[in-house]
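File shown: input_14.csv. Contents: CSV, C-alpha atoms.
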chain,number,residue,atom,x,y,z
A,1,MET,CA,117.8,91.9,50.2
A,2,GLN,CA,119.7,95.0,51.2
A,3,THR,CA,116.5,97.0,51.4
A,4,SER,CA,114.9,94.5,53.8
A,5,ILE,CA,118.0,94.4,56.1
A,6,LYS,CA,117.9,98.2,56.2
A,7,THR,CA,114.2,98.2,56.9
A,8,ILE,CA,114.7,95.7,59.8
A,9,ILE,CA,117.5,97.8,61.2
A,10,LYS,CA,115.4,100.9,61.1
A,11,MET,CA,112.5,99.1,62.8
A,12,ILE,CA,114.8,97.8,65.6
A,13,ILE,CA,116.1,101.4,66.1
A,14,LEU,CA,112.6,102.7,66.2
A,15,VAL,CA,111.5,100.1,68.7
A,16,VAL,CA,114.5,100.7,71.0
A,17,THR,CA,114.0,104.5,70.7
A,18,ILE,CA,110.3,104.2,71.6
A,19,GLN,CA,111.0,101.9,74.5
A,20,SER,CA,113.7,104.1,75.9
A,21,CYS,CA,111.5,107.2,75.7
A,22,ASN,CA,108.6,105.3,77.2
A,23,GLN,CA,110.3,104.1,80.3
A,24,ASN,CA,108.2,104.5,83.4
A,25,LEU,CA,109.1,107.5,85.5
A,26,SER,CA,110.4,106.5,88.9
A,27,LEU,CA,109.7,108.2,92.1
A,28,GLN,CA,113.4,109.0,92.5
A,29,THR,CA,113.4,110.6,89.0
A,30,PHE,CA,110.3,112.6,89.9
A,31,TYR,CA,112.0,113.9,93.0
A,32,VAL,CA,115.2,114.9,91.1
A,33,ASP,CA,113.2,116.5,88.3
A,34,ASN,CA,111.0,118.6,90.6
A,35,GLU,CA,112.9,119.3,93.8
A,36,LEU,CA,113.9,122.8,92.5
A,37,ALA,CA,110.9,123.4,90.2
A,38,PRO,CA,108.5,126.2,90.7
A,39,GLY,CA,105.6,125.3,93.0
A,40,TYR,CA,107.6,122.6,94.8
A,41,THR,CA,109.3,122.5,98.1
A,42,SER,CA,111.5,119.6,99.2
A,43,LEU,CA,113.7,118.5,102.1
A,44,ASP,CA,115.8,115.6,103.1
A,45,VAL,CA,116.2,114.8,106.8
A,46,PRO,CA,118.9,112.3,108.0
A,47,VAL,CA,117.6,110.2,110.9
A,48,SER,CA,120.3,111.7,113.1
A,49,MET,CA,118.4,115.0,113.1
A,50,LEU,CA,115.6,113.3,115.0
A,51,ASN,CA,117.7,113.6,118.2
A,52,ILE,CA,116.3,110.4,119.7
A,53,ASP,CA,117.9,109.2,123.0
A,54,GLU,CA,118.7,105.6,121.9
A,55,GLU,CA,119.2,104.6,125.5
A,56,LYS,CA,115.5,105.1,126.2
A,57,LEU,CA,114.4,102.8,123.3
A,58,THR,CA,113.2,99.3,123.7
A,59,ALA,CA,115.1,96.7,121.7
A,60,GLU,CA,112.3,96.6,119.1
A,61,GLN,CA,112.2,100.5,118.8
A,62,LEU,CA,116.0,100.6,118.5
A,63,GLU,CA,115.9,98.0,115.7
A,64,ALA,CA,113.3,100.1,113.9
A,65,TYR,CA,115.2,103.3,114.5
A,66,GLU,CA,118.4,101.9,113.2
A,67,SER,CA,116.7,100.6,110.1
A,68,VAL,CA,115.8,104.1,108.9
A,69,GLU,CA,118.4,106.1,107.0
A,70,LYS,CA,116.6,109.3,106.0
A,71,ILE,CA,113.2,110.9,105.4
A,72,SER,CA,112.6,112.8,102.2
A,73,MET,CA,109.7,115.0,101.3
A,74,ILE,CA,108.6,116.8,98.1
A,75,ALA,CA,105.5,118.8,98.2
A,76,TYR,CA,103.5,120.8,95.6
A,77,VAL,CA,102.1,123.9,97.3
A,78,LEU,CA,98.6,124.9,96.2
A,79,GLU,CA,98.3,128.6,95.4
A,80,SER,CA,95.7,130.6,93.6
A,81,GLY,CA,96.0,130.0,89.9
A,82,ASN,CA,98.0,126.7,90.0
A,83,GLU,CA,95.2,124.3,90.7
A,84,ALA,CA,95.2,122.7,87.2
A,85,GLU,CA,99.0,122.2,87.3
A,86,MET,CA,98.8,120.8,90.8
A,87,LYS,CA,96.2,118.3,89.7
A,88,SER,CA,98.3,117.3,86.7
A,89,GLU,CA,101.4,116.8,88.9
A,90,TYR,CA,99.4,114.8,91.5
A,91,GLU,CA,98.1,112.5,88.8
A,92,GLU,CA,101.7,111.9,87.6
A,93,VAL,CA,102.7,110.8,91.1
A,94,LYS,CA,99.7,108.6,91.4
A,95,ALA,CA,100.6,107.0,88.1
A,96,ILE,CA,104.1,106.3,89.3
A,97,LEU,CA,102.8,104.6,92.4
A,98,LYS,CA,100.5,102.3,90.4
A,99,ASP,CA,103.7,100.4,89.5
A,100,PRO,CA,103.2,96.9,91.1
A,101,LYS,CA,106.6,97.3,92.9
A,102,TYR,CA,104.7,99.7,95.3
A,103,GLU,CA,102.6,97.6,97.6
A,104,GLU,CA,99.7,99.4,99.2
A,105,LEU,CA,99.6,99.1,103.0
A,106,MET,CA,96.8,101.5,103.9
A,107,ARG,CA,94.7,104.4,102.7
A,108,GLY,CA,92.4,106.9,104.3
A,109,GLY,CA,91.0,110.4,104.3
A,110,ASN,CA,88.0,111.8,102.5
A,111,SER,CA,87.1,113.9,99.4
A,112,THR,CA,86.5,117.0,101.5
A,113,ASP,CA,89.8,117.3,103.4
A,114,GLY,CA,92.1,115.2,101.4
A,115,LYS,CA,93.3,111.6,101.1
A,116,PHE,CA,96.4,109.6,101.8
A,117,VAL,CA,97.9,106.3,100.8
A,118,VAL,CA,100.9,104.4,102.4
A,119,LYS,CA,102.9,102.1,100.1
A,120,CYS,CA,106.1,100.3,100.4
A,121,VAL,CA,108.9,98.7,98.3
A,122,GLY,CA,109.8,95.3,99.7
A,123,ASP,CA,107.9,92.8,101.8
A,124,GLY,CA,107.4,91.9,105.4
A,125,GLU,CA,110.7,92.3,107.3
A,126,ASP,CA,112.6,93.5,104.3
A,127,VAL,CA,111.2,96.9,103.3
A,128,ASP,CA,113.7,99.4,101.9
A,129,GLU,CA,111.2,102.3,101.3
A,130,PHE,CA,107.9,103.5,102.7
A,131,ILE,CA,106.0,106.1,100.8
A,132,LEU,CA,103.2,108.4,102.0
A,133,LEU,CA,101.3,110.3,99.4
A,134,GLY,CA,98.9,112.7,100.8
A,135,ASN,CA,96.8,115.5,99.4
A,136,SER,CA,95.0,118.4,101.0
A,137,ASN,CA,92.4,120.4,99.3
A,138,GLN,CA,93.8,123.5,101.0
A,139,THR,CA,97.6,123.1,100.8
A,140,GLY,CA,98.5,120.8,97.9
A,141,PHE,CA,100.1,117.4,97.9
A,142,ALA,CA,103.2,115.8,99.4
A,143,VAL,CA,105.2,112.6,98.9
A,144,VAL,CA,107.2,111.5,102.0
A,145,ARG,CA,109.7,108.7,101.6
A,146,ILE,CA,111.2,106.9,104.5
A,147,LEU,CA,114.3,105.2,103.2
A,148,GLY,CA,116.3,102.5,105.0
A,149,ASP,CA,117.2,98.8,105.1
A,150,ASP,CA,115.1,95.9,106.3
A,151,MET,CA,112.5,98.2,107.8
A,152,ASN,CA,109.2,96.8,109.3
A,153,PHE,CA,106.0,98.9,109.3
A,154,ASN,CA,104.7,97.6,112.6
A,155,LYS,CA,108.0,98.3,114.4
A,156,LEU,CA,108.3,101.8,112.9
A,157,MET,CA,104.8,102.5,114.2
A,158,LYS,CA,106.1,101.8,117.7
A,159,LEU,CA,108.5,104.7,117.2
A,160,THR,CA,105.7,107.3,117.0
A,161,SER,CA,105.5,107.7,120.8
A,162,VAL,CA,109.3,108.2,120.9
A,163,LEU,CA,109.1,110.9,118.2
A,164,ASP,CA,106.5,112.8,120.2
A,165,GLU,CA,109.0,113.0,123.1
A,166,SER,CA,112.1,113.7,121.1
A,167,SER,CA,113.6,117.2,120.5
A,168,ILE,CA,113.4,117.1,116.8
A,169,GLU,CA,115.4,119.8,115.0
A,170,GLU,CA,112.2,121.6,114.0
A,171,SER,CA,113.6,123.8,111.3
A,172,GLN,CA,113.2,121.0,108.7
A,173,ILE,CA,110.8,118.5,110.3
A,174,ARG,CA,108.2,121.2,111.1
A,175,ASP,CA,107.7,121.6,107.3
A,176,ILE,CA,106.6,117.9,107.0
A,177,THR,CA,104.2,118.0,110.0
A,178,LYS,CA,102.9,121.5,109.1
A,179,PHE,CA,102.0,120.3,105.6
A,180,PHE,CA,99.7,117.6,106.9
A,181,LYS,CA,97.9,119.6,109.5

So, in terms of structure tokens, how does the structure I just supplied come out?
Amino acid sequence: MQTSIKTIIKMIILVVTIQSCNQNLSLQTFYVDNELAPGYTSLDVPVSMLNIDEEKLTAEQLEAYESVEKISMIAYVLESGNEAEMKSEYEEVKAILKDPKYEELMRGGNSTDGKFVVKCVGDGEDVDEFILLGNSNQTGFAVVRILGDDMNFNKLMKLTSVLDESSIEESQIRDITKFFK
């Protein structure tokens, strides 16, 4: 009897250990683990750095603007000799984003220049995170996260014209836009 209890306890410990080691990697964990790693570059931009004149916004644009808290990017920069590592890292991010909590909104691109996918966490009027994963065959790949509360994709898209006119503090935002050109 003692032996079977010990065996059961060992099996429970083994199952718990395997499950804790086999937890799915989250996007946040990926960011934290790689933000200072060789080959990566990262930045966080609070929405206040966008320097948008709120008085010029429509009510819908203002609502969208106020729903965003920050924009974060992590990118793996392709250099000669790190192609295999970049592919492995890119596959890891794609595996994370296969989690059903990430709902796909759109995808595009091509196999020559690169591809992108936009996903979100949440639904409809209650999105807390938008994720853009893009890869370029010349520069590498990047994950851009737009974090906020109760965001709406259609309303955020209406902010793009405002962003074109704003005096964005280019020192950090330039890195995001330059990566995707």

Pick out the residues sitting within 8 Å of stretch 34-40 of chain A, and hand them over as a VMD selection string; count all atoms listed in the file, and ignore anything fewer than 3 positions along from it in its own chain. chain A and resid 30 to 31 74 to 78

With only C-alpha atoms as the atoms that count, which of A:Gly122, A:Gly148, A:Gly108, A:Gly134 lies nearest to A:Lys70?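 Of the candidates, the smallest distance to A:Lys70 is held by A:Gly148.
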
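Across the model, the gap from atom CA of A:Tyr65 to atom CA of A:Thr29 is 26.6 Å.
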
Contact residues around A:Glu92 with all atoms listed in the file at 12 Å, ignoring same-chain residues under 2 positions, as a ChimeraX atom specification: /A:24-27,29-31,34,85-90,94-99,133,141,143

Counting only C-alpha atoms, the residue of A:Ser72, A:Gly109, A:Ala84, A:Glu55 that sits nearest A:Thr41: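 Nearest to A:Thr41: A:Ser72.
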
Protein/DNA/RNA residues near (110.6, 98.1, 116.4), cut 6 Å, only C-alpha atoms, as a PyMOL selection string: chain A and resi 60-61+63-64+155-156+158

Interatomic distance, atom CA of A:Glu103 to atom CA of A:Lys115 (Å, one decimal): 17.2 Å

note - atom CA of A:Arg145 and atom CA of A:Leu62 are separated by 19.8 Å

Given the choices A:Ser111, A:Thr160, A:Ser67, A:Asn82, which gets closest to A:Glu125 if the distance is worked out from only C-alpha atoms? A:Ser67

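Counting only C-alpha atoms and comparing A:Val32, A:Pro100, A:Ile131, A:Leu159, the residue that lies closest to A:Ile146 is A:Ile131.
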
Residues near A:Glu104, cut-off 9 Å, all atoms listed in the file, skip fewer than 3 positions along chain, as a list in words: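 Everything that qualifies: Arg107, Val117, Val118, Lys119 and Cys120 of chain A.
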
Could you get me a file of stretch 47-84 of chain A with N, CA, C and O atoms, as a PDB file, in the first residue's frame, taken from the block above?
ATOM      1  N   VAL A  47       1.316  56.749 -25.710  1.00  0.00           N
ATOM      2  CA  VAL A  47       0.501  57.456 -26.694  1.00  0.00           C
ATOM      3  C   VAL A  47       0.712  58.974 -26.611  1.00  0.00           C
ATOM      4  O   VAL A  47       0.560  59.676 -27.610  1.00  0.00           O
ATOM      5  N   SER A  48       1.133  59.470 -25.481  1.00  0.00           N
ATOM      6  CA  SER A  48       1.376  60.913 -25.335  1.00  0.00           C
ATOM      7  C   SER A  48       2.481  61.406 -26.262  1.00  0.00           C
ATOM      8  O   SER A  48       2.520  62.577 -26.620  1.00  0.00           O
ATOM      9  N   MET A  49       3.386  60.516 -26.674  1.00  0.00           N
ATOM     10  CA  MET A  49       4.477  60.921 -27.569  1.00  0.00           C
ATOM     11  C   MET A  49       4.008  61.149 -28.998  1.00  0.00           C
ATOM     12  O   MET A  49       4.767  61.639 -29.830  1.00  0.00           O
ATOM     13  N   LEU A  50       2.771  60.805 -29.299  1.00  0.00           N
ATOM     14  CA  LEU A  50       2.263  61.005 -30.654  1.00  0.00           C
ATOM     15  C   LEU A  50       1.955  62.467 -30.941  1.00  0.00           C
ATOM     16  O   LEU A  50       1.776  62.853 -32.083  1.00  0.00           O
ATOM     17  N   ASN A  51       1.896  63.282 -29.896  1.00  0.00           N
ATOM     18  CA  ASN A  51       1.668  64.733 -30.038  1.00  0.00           C
ATOM     19  C   ASN A  51       0.476  65.063 -30.928  1.00  0.00           C
ATOM     20  O   ASN A  51       0.560  65.878 -31.835  1.00  0.00           O
ATOM     21  N   ILE A  52      -0.635  64.443 -30.668  1.00  0.00           N
ATOM     22  CA  ILE A  52      -1.847  64.700 -31.437  1.00  0.00           C
ATOM     23  C   ILE A  52      -2.631  65.817 -30.768  1.00  0.00           C
ATOM     24  O   ILE A  52      -2.843  65.806 -29.557  1.00  0.00           O
ATOM     25  N   ASP A  53      -3.050  66.785 -31.566  1.00  0.00           N
ATOM     26  CA  ASP A  53      -3.868  67.885 -31.070  1.00  0.00           C
ATOM     27  C   ASP A  53      -5.294  67.371 -30.896  1.00  0.00           C
ATOM     28  O   ASP A  53      -6.045  67.235 -31.876  1.00  0.00           O
ATOM     29  N   GLU A  54      -5.664  67.080 -29.664  1.00  0.00           N
ATOM     30  CA  GLU A  54      -6.967  66.475 -29.379  1.00  0.00           C
ATOM     31  C   GLU A  54      -8.135  67.373 -29.780  1.00  0.00           C
ATOM     32  O   GLU A  54      -9.223  66.881 -30.050  1.00  0.00           O
ATOM     33  N   GLU A  55      -7.912  68.674 -29.831  1.00  0.00           N
ATOM     34  CA  GLU A  55      -8.992  69.597 -30.193  1.00  0.00           C
ATOM     35  C   GLU A  55      -9.394  69.459 -31.661  1.00  0.00           C
ATOM     36  O   GLU A  55     -10.501  69.843 -32.036  1.00  0.00           O
ATOM     37  N   LYS A  56      -8.519  68.918 -32.480  1.00  0.00           N
ATOM     38  CA  LYS A  56      -8.816  68.762 -33.904  1.00  0.00           C
ATOM     39  C   LYS A  56      -9.470  67.418 -34.225  1.00  0.00           C
ATOM     40  O   LYS A  56      -9.813  67.160 -35.365  1.00  0.00           O
ATOM     41  N   LEU A  57      -9.635  66.566 -33.218  1.00  0.00           N
ATOM     42  CA  LEU A  57     -10.195  65.237 -33.439  1.00  0.00           C
ATOM     43  C   LEU A  57     -11.716  65.253 -33.417  1.00  0.00           C
ATOM     44  O   LEU A  57     -12.325  66.018 -32.667  1.00  0.00           O
ATOM     45  N   THR A  58     -12.308  64.400 -34.238  1.00  0.00           N
ATOM     46  CA  THR A  58     -13.748  64.201 -34.151  1.00  0.00           C
ATOM     47  C   THR A  58     -14.016  63.407 -32.865  1.00  0.00           C
ATOM     48  O   THR A  58     -13.089  62.859 -32.255  1.00  0.00           O
ATOM     49  N   ALA A  59     -15.259  63.315 -32.471  1.00  0.00           N
ATOM     50  CA  ALA A  59     -15.611  62.571 -31.255  1.00  0.00           C
ATOM     51  C   ALA A  59     -15.176  61.109 -31.373  1.00  0.00           C
ATOM     52  O   ALA A  59     -14.644  60.520 -30.423  1.00  0.00           O
ATOM     53  N   GLU A  60     -15.365  60.527 -32.550  1.00  0.00           N
ATOM     54  CA  GLU A  60     -14.986  59.135 -32.757  1.00  0.00           C
ATOM     55  C   GLU A  60     -13.463  58.952 -32.715  1.00  0.00           C
ATOM     56  O   GLU A  60     -12.952  58.001 -32.136  1.00  0.00           O
ATOM     57  N   GLN A  61     -12.732  59.879 -33.314  1.00  0.00           N
ATOM     58  CA  GLN A  61     -11.268  59.819 -33.283  1.00  0.00           C
ATOM     59  C   GLN A  61     -10.743  60.005 -31.862  1.00  0.00           C
ATOM     60  O   GLN A  61      -9.812  59.319 -31.450  1.00  0.00           O
ATOM     61  N   LEU A  62     -11.348  60.919 -31.126  1.00  0.00           N
ATOM     62  CA  LEU A  62     -10.933  61.152 -29.749  1.00  0.00           C
ATOM     63  C   LEU A  62     -11.163  59.905 -28.898  1.00  0.00           C
ATOM     64  O   LEU A  62     -10.313  59.518 -28.095  1.00  0.00           O
ATOM     65  N   GLU A  63     -12.297  59.257 -29.101  1.00  0.00           N
ATOM     66  CA  GLU A  63     -12.589  58.030 -28.365  1.00  0.00           C
ATOM     67  C   GLU A  63     -11.543  56.958 -28.680  1.00  0.00           C
ATOM     68  O   GLU A  63     -11.047  56.273 -27.782  1.00  0.00           O
ATOM     69  N   ALA A  64     -11.191  56.834 -29.944  1.00  0.00           N
ATOM     70  CA  ALA A  64     -10.178  55.848 -30.344  1.00  0.00           C
ATOM     71  C   ALA A  64      -8.819  56.200 -29.757  1.00  0.00           C
ATOM     72  O   ALA A  64      -8.109  55.343 -29.219  1.00  0.00           O
ATOM     73  N   TYR A  65      -8.456  57.465 -29.830  1.00  0.00           N
ATOM     74  CA  TYR A  65      -7.169  57.942 -29.311  1.00  0.00           C
ATOM     75  C   TYR A  65      -7.060  57.688 -27.799  1.00  0.00           C
ATOM     76  O   TYR A  65      -6.037  57.212 -27.312  1.00  0.00           O
ATOM     77  N   GLU A  66      -8.127  57.974 -27.089  1.00  0.00           N
ATOM     78  CA  GLU A  66      -8.111  57.799 -25.633  1.00  0.00           C
ATOM     79  C   GLU A  66      -8.145  56.332 -25.214  1.00  0.00           C
ATOM     80  O   GLU A  66      -7.810  56.000 -24.080  1.00  0.00           O
ATOM     81  N   SER A  67      -8.518  55.444 -26.119  1.00  0.00           N
ATOM     82  CA  SER A  67      -8.552  54.019 -25.785  1.00  0.00           C
ATOM     83  C   SER A  67      -7.172  53.365 -25.862  1.00  0.00           C
ATOM     84  O   SER A  67      -6.954  52.283 -25.335  1.00  0.00           O
ATOM     85  N   VAL A  68      -6.212  54.032 -26.497  1.00  0.00           N
ATOM     86  CA  VAL A  68      -4.859  53.491 -26.653  1.00  0.00           C
ATOM     87  C   VAL A  68      -3.974  53.981 -25.510  1.00  0.00           C
ATOM     88  O   VAL A  68      -3.958  55.168 -25.188  1.00  0.00           O
ATOM     89  N   GLU A  69      -3.241  53.045 -24.907  1.00  0.00           N
ATOM     90  CA  GLU A  69      -2.318  53.399 -23.825  1.00  0.00           C
ATOM     91  C   GLU A  69      -0.873  53.484 -24.305  1.00  0.00           C
ATOM     92  O   GLU A  69      -0.156  54.407 -23.972  1.00  0.00           O
ATOM     93  N   LYS A  70      -0.439  52.479 -25.073  1.00  0.00           N
ATOM     94  CA  LYS A  70       0.933  52.530 -25.572  1.00  0.00           C
ATOM     95  C   LYS A  70       1.094  51.602 -26.764  1.00  0.00           C
ATOM     96  O   LYS A  70       0.268  50.731 -27.015  1.00  0.00           O
ATOM     97  N   ILE A  71       2.177  51.835 -27.469  1.00  0.00           N
ATOM     98  CA  ILE A  71       2.554  51.021 -28.615  1.00  0.00           C
ATOM     99  C   ILE A  71       3.919  50.424 -28.296  1.00  0.00           C
ATOM    100  O   ILE A  71       4.829  51.149 -27.882  1.00  0.00           O
ATOM    101  N   SER A  72       4.038  49.121 -28.466  1.00  0.00           N
ATOM    102  CA  SER A  72       5.309  48.438 -28.213  1.00  0.00           C
ATOM    103  C   SER A  72       5.723  47.683 -29.462  1.00  0.00           C
ATOM    104  O   SER A  72       4.887  47.140 -30.173  1.00  0.00           O
ATOM    105  N   MET A  73       7.021  47.652 -29.698  1.00  0.00           N
ATOM    106  CA  MET A  73       7.534  46.897 -30.837  1.00  0.00           C
ATOM    107  C   MET A  73       8.763  46.121 -30.411  1.00  0.00           C
ATOM    108  O   MET A  73       9.585  46.611 -29.629  1.00  0.00           O
ATOM    109  N   ILE A  74       8.864  44.904 -30.903  1.00  0.00           N
ATOM    110  CA  ILE A  74      10.094  44.140 -30.802  1.00  0.00           C
ATOM    111  C   ILE A  74      10.364  43.617 -32.203  1.00  0.00           C
ATOM    112  O   ILE A  74       9.442  43.175 -32.893  1.00  0.00           O
ATOM    113  N   ALA A  75      11.605  43.751 -32.641  1.00  0.00           N
ATOM    114  CA  ALA A  75      11.951  43.344 -33.996  1.00  0.00           C
ATOM    115  C   ALA A  75      13.243  42.550 -33.978  1.00  0.00           C
ATOM    116  O   ALA A  75      14.156  42.849 -33.197  1.00  0.00           O
ATOM    117  N   TYR A  76      13.276  41.549 -34.813  1.00  0.00           N
ATOM    118  CA  TYR A  76      14.499  40.789 -35.020  1.00  0.00           C
ATOM    119  C   TYR A  76      15.093  41.290 -36.324  1.00  0.00           C
ATOM    120  O   TYR A  76      14.459  41.223 -37.369  1.00  0.00           O
ATOM    121  N   VAL A  77      16.307  41.812 -36.259  1.00  0.00           N
ATOM    122  CA  VAL A  77      16.947  42.433 -37.410  1.00  0.00           C
ATOM    123  C   VAL A  77      17.764  41.382 -38.164  1.00  0.00           C
ATOM    124  O   VAL A  77      18.657  40.754 -37.597  1.00  0.00           O
ATOM    125  N   LEU A  78      17.431  41.210 -39.433  1.00  0.00           N
ATOM    126  CA  LEU A  78      18.127  40.248 -40.283  1.00  0.00           C
ATOM    127  C   LEU A  78      19.495  40.786 -40.665  1.00  0.00           C
ATOM    128  O   LEU A  78      19.627  41.917 -41.140  1.00  0.00           O
ATOM    129  N   GLU A  79      20.498  39.987 -40.402  1.00  0.00           N
ATOM    130  CA  GLU A  79      21.872  40.320 -40.790  1.00  0.00           C
ATOM    131  C   GLU A  79      22.492  39.086 -41.414  1.00  0.00           C
ATOM    132  O   GLU A  79      22.014  37.962 -41.208  1.00  0.00           O
ATOM    133  N   SER A  80      23.539  39.282 -42.140  1.00  0.00           N
ATOM    134  CA  SER A  80      24.223  38.154 -42.764  1.00  0.00           C
ATOM    135  C   SER A  80      24.678  37.171 -41.692  1.00  0.00           C
ATOM    136  O   SER A  80      25.320  37.561 -40.715  1.00  0.00           O
ATOM    137  N   GLY A  81      24.296  35.923 -41.853  1.00  0.00           N
ATOM    138  CA  GLY A  81      24.712  34.889 -40.914  1.00  0.00           C
ATOM    139  C   GLY A  81      23.676  34.524 -39.864  1.00  0.00           C
ATOM    140  O   GLY A  81      23.840  33.537 -39.167  1.00  0.00           O
ATOM    141  N   ASN A  82      22.596  35.324 -39.697  1.00  0.00           N
ATOM    142  CA  ASN A  82      21.602  34.976 -38.668  1.00  0.00           C
ATOM    143  C   ASN A  82      20.244  34.582 -39.256  1.00  0.00           C
ATOM    144  O   ASN A  82      19.237  34.593 -38.571  1.00  0.00           O
ATOM    145  N   GLU A  83      20.242  34.181 -40.529  1.00  0.00           N
ATOM    146  CA  GLU A  83      18.997  33.831 -41.207  1.00  0.00           C
ATOM    147  C   GLU A  83      18.280  32.659 -40.527  1.00  0.00           C
ATOM    148  O   GLU A  83      17.070  32.696 -40.336  1.00  0.00           O
ATOM    149  N   ALA A  84      19.029  31.611 -40.169  1.00  0.00           N
ATOM    150  CA  ALA A  84      18.413  30.429 -39.545  1.00  0.00           C
ATOM    151  C   ALA A  84      17.833  30.779 -38.174  1.00  0.00           C
ATOM    152  O   ALA A  84      16.727  30.340 -37.828  1.00  0.00           O
TER     153      ALA A  84
END
